[in-house]
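Participant: Please find one structure pasted underneath; my questions will follow.
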Amino acid sequence: MNLPESTDLVSGTEQKPHTLIGKDKVATEQFVRANLGWMLAVAKRIVVDGSIAEDVVQDAFSNVFKNLEAFRGDAALKTWMHRIVVNQALMALRKQRRRNEQPIDDLLPEFDDAGCRIDEPSMLSHLAQTPEALLLSSDRRQQVLASIDRLPDSYRVVLMLRDIEELSTSEVAEMTGLTEANVKVRLHRARAALKKLLSPLFEGTAL
Amino acid sequence: MNIMPNSVRQRIRSIMFKLPLMITCAEFEEFITAYLDGSLSNKQRRIFEFHLAVCRECRDYLAAYRTAMTVTGDVLNTQTADTLADVPEDLVSAVLAARASQDRK
């Protein structure tokens, strides 16, 4: 059998055809250890809650094992598993009702009647020139994560899938059931809202 | 620093943005994503960049917008690194146990 490059997922070990993973105990454990971390990170970014993310990873693995025999290697194994964990996380997210999200309209830029921007200047625009100022303390990182969490889910998820998971507009449209045009609008609004949410964190940052 | 009062500056800008090949800040806003992913036509890109050159508000805004994207990416990357460095053993065991019982079925 022709192995796709994805077998490097079980790196540093004797490579097994992925159809055998799950039948051989040692290979299974290596496979799980090689993939659980990144899958958990993906799930956390989408569902936020750590214990729900762990449930997502369990369900995703069970899905992976169930379909491994049918996986034909026409896509990289990791790409295929990535889609599985993203879909599982999106399903879990739909079941959750959320917490502290802020209406997106409050977070979008404003314009006057002539279409001129009326926006308070943000310290973030100066930080762009001083990348070393972006090395963030762990407190500051927690604040950034909390700010991301205030985006409404339907915007936050599009931002995660496009900007962080690096899925294409059409893939995100397919996974979320949104139109491609809507994915683009939501991505832009999510970024704009995030700019507004992050700005206060950087007020008074020394340049 | 600002010699002109804001109201005068606003009025000048609103007249300027009506000239040919000029767009308003609100229109500029609509093109940001396409500009950043390189999907504007040459003509659209020139119009976009011309607005950027004449409008300090949008220049600052776009810089802040991009920095927010960078900060978000960096923070999430750090979170990923933390997760990878500390994979929960009980989750590994749970996945393996579930697999073993799936196999027996």
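Residues in the structure tokens are named by chain (A, B, ... in the order shown) and by number from 1 within that chain; ligands are numbered from 1 in the order shown.
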Residues within 12 Å of Ile104 (chain A), please, as a list in words. Count only C-alpha atoms; anything in the same chain fewer than 6 positions from it doesn't count.

Facilitator: Arg150, Leu151, Pro152, Asp153, Ser154, Tyr155, Arg156, Arg186, Leu187, His188, Arg189, Ala190, Arg191, Ala192, Ala193, Leu194, Lys196 and Leu197 of chain A

Participant: Those same residues, written as a PDB file, in the first residue's frame with N, CA and C atoms?

Facilitator:
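Once written, part_35.pdb looks like this:
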```pdb
ATOM      1  N   ARG A 150     -15.222  37.210  24.096  1.00  0.00           N
ATOM      2  CA  ARG A 150     -16.402  38.084  24.123  1.00  0.00           C
ATOM      3  C   ARG A 150     -17.024  38.275  22.743  1.00  0.00           C
ATOM      4  N   LEU A 151     -16.328  37.838  21.715  1.00  0.00           N
ATOM      5  CA  LEU A 151     -16.939  37.891  20.376  1.00  0.00           C
ATOM      6  C   LEU A 151     -18.111  36.919  20.339  1.00  0.00           C
ATOM      7  N   PRO A 152     -19.204  37.310  19.679  1.00  0.00           N
ATOM      8  CA  PRO A 152     -20.295  36.335  19.518  1.00  0.00           C
ATOM      9  C   PRO A 152     -19.766  35.099  18.775  1.00  0.00           C
ATOM     10  N   ASP A 153     -20.221  33.917  19.201  1.00  0.00           N
ATOM     11  CA  ASP A 153     -19.736  32.654  18.617  1.00  0.00           C
ATOM     12  C   ASP A 153     -19.750  32.623  17.099  1.00  0.00           C
ATOM     13  N   SER A 154     -20.831  33.138  16.516  1.00  0.00           N
ATOM     14  CA  SER A 154     -20.974  32.999  15.062  1.00  0.00           C
ATOM     15  C   SER A 154     -19.920  33.823  14.312  1.00  0.00           C
ATOM     16  N   TYR A 155     -19.310  34.774  15.008  1.00  0.00           N
ATOM     17  CA  TYR A 155     -18.218  35.548  14.416  1.00  0.00           C
ATOM     18  C   TYR A 155     -16.877  34.961  14.834  1.00  0.00           C
ATOM     19  N   ARG A 156     -16.785  34.627  16.105  1.00  0.00           N
ATOM     20  CA  ARG A 156     -15.527  34.096  16.644  1.00  0.00           C
ATOM     21  C   ARG A 156     -15.097  32.829  15.891  1.00  0.00           C
ATOM     22  N   ARG A 186     -18.406  38.127   7.987  1.00  0.00           N
ATOM     23  CA  ARG A 186     -18.209  37.788   9.392  1.00  0.00           C
ATOM     24  C   ARG A 186     -16.735  37.817   9.800  1.00  0.00           C
ATOM     25  N   LEU A 187     -15.889  37.375   8.894  1.00  0.00           N
ATOM     26  CA  LEU A 187     -14.456  37.421   9.187  1.00  0.00           C
ATOM     27  C   LEU A 187     -14.020  38.869   9.420  1.00  0.00           C
ATOM     28  N   HIS A 188     -14.429  39.743   8.513  1.00  0.00           N
ATOM     29  CA  HIS A 188     -14.046  41.147   8.653  1.00  0.00           C
ATOM     30  C   HIS A 188     -14.601  41.746   9.946  1.00  0.00           C
ATOM     31  N   ARG A 189     -15.873  41.483  10.209  1.00  0.00           N
ATOM     32  CA  ARG A 189     -16.481  42.057  11.423  1.00  0.00           C
ATOM     33  C   ARG A 189     -15.821  41.511  12.685  1.00  0.00           C
ATOM     34  N   ALA A 190     -15.494  40.223  12.651  1.00  0.00           N
ATOM     35  CA  ALA A 190     -14.843  39.625  13.828  1.00  0.00           C
ATOM     36  C   ALA A 190     -13.489  40.291  14.078  1.00  0.00           C
ATOM     37  N   ARG A 191     -12.738  40.522  13.005  1.00  0.00           N
ATOM     38  CA  ARG A 191     -11.425  41.163  13.174  1.00  0.00           C
ATOM     39  C   ARG A 191     -11.591  42.596  13.662  1.00  0.00           C
ATOM     40  N   ALA A 192     -12.568  43.307  13.075  1.00  0.00           N
ATOM     41  CA  ALA A 192     -12.799  44.702  13.465  1.00  0.00           C
ATOM     42  C   ALA A 192     -13.226  44.776  14.931  1.00  0.00           C
ATOM     43  N   ALA A 193     -14.102  43.854  15.324  1.00  0.00           N
ATOM     44  CA  ALA A 193     -14.590  43.829  16.709  1.00  0.00           C
ATOM     45  C   ALA A 193     -13.440  43.510  17.659  1.00  0.00           C
ATOM     46  N   LEU A 194     -12.594  42.604  17.248  1.00  0.00           N
ATOM     47  CA  LEU A 194     -11.458  42.218  18.080  1.00  0.00           C
ATOM     48  C   LEU A 194     -10.487  43.380  18.253  1.00  0.00           C
ATOM     49  N   LYS A 196     -11.329  46.418  18.374  1.00  0.00           N
ATOM     50  CA  LYS A 196     -11.937  47.291  19.377  1.00  0.00           C
ATOM     51  C   LYS A 196     -11.817  46.697  20.782  1.00  0.00           C
ATOM     52  N   LEU A 197     -11.991  45.388  20.895  1.00  0.00           N
ATOM     53  CA  LEU A 197     -11.906  44.740  22.206  1.00  0.00           C
ATOM     54  C   LEU A 197     -10.473  44.742  22.752  1.00  0.00           C
TER      55      LEU A 197
END
```

Participant: Each residue of chain B lying at most 7 Å from chain A should get a row with its shortest atom-to-atom pair and the distance in Å to one decimal, counting only C-alpha atoms; could you produce that, ordered by chain and increasing number, as CSV?

Facilitator:
```
residue,atom,partner,partner_atom,distance
B:Ser14,CA,A:Ala114,CA,5.5
B:Thr24,CA,A:Gly115,CA,5.3
B:Cys25,CA,A:Cys116,CA,5.1
B:Ala26,CA,A:Gly115,CA,5.0
B:Thr33,CA,A:His188,CA,6.0
B:Glu57,CA,A:Arg117,CA,6.8
B:Asp60,CA,A:Ser125,CA,5.3
B:Tyr61,CA,A:Ser125,CA,6.7
B:Ala63,CA,A:Ser125,CA,4.7
B:Ala64,CA,A:Ser125,CA,3.9
B:Tyr65,CA,A:Lys195,CA,5.4
B:Thr67,CA,A:Ala128,CA,5.5
B:Ala68,CA,A:Lys195,CA,5.1
B:Met69,CA,A:Arg191,CA,6.8
B:Val71,CA,A:Leu134,CA,6.9
B:Gly73,CA,A:Ile164,CA,6.7
B:Val75,CA,A:Arg141,CA,5.9
B:Thr80,CA,A:Ala41,CA,5.3
B:Thr83,CA,A:Ala41,CA,6.1
B:Leu84,CA,A:Gly37,CA,4.7
B:Val87,CA,A:Gly37,CA,5.7
B:Val92,CA,A:Val32,CA,6.9
B:Val95,CA,A:Gln58,CA,5.7
B:Leu96,CA,A:Glu29,CA,6.9
B:Arg99,CA,A:Ser62,CA,6.9
```

Participant: Which residue gives the smallest distance to Phe28 (chain B) among B:Leu62, B:Leu76, B:Ala85, B:Ala100, with only C-alpha atoms counted?

Facilitator: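 Comparing B:Leu62, B:Leu76, B:Ala85, B:Ala100 against Phe28 (chain B), the winner is B:Leu62.
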
Participant: Within region 3-176 of chain A, find each residue whose DSSP state, derived from the backbone, is alpha helix (DSSP H), and express the selection as a ChimeraX atom specification.

Facilitator: /A:25-47,50-67,77-95,124-127,138-149,153-159,169-176
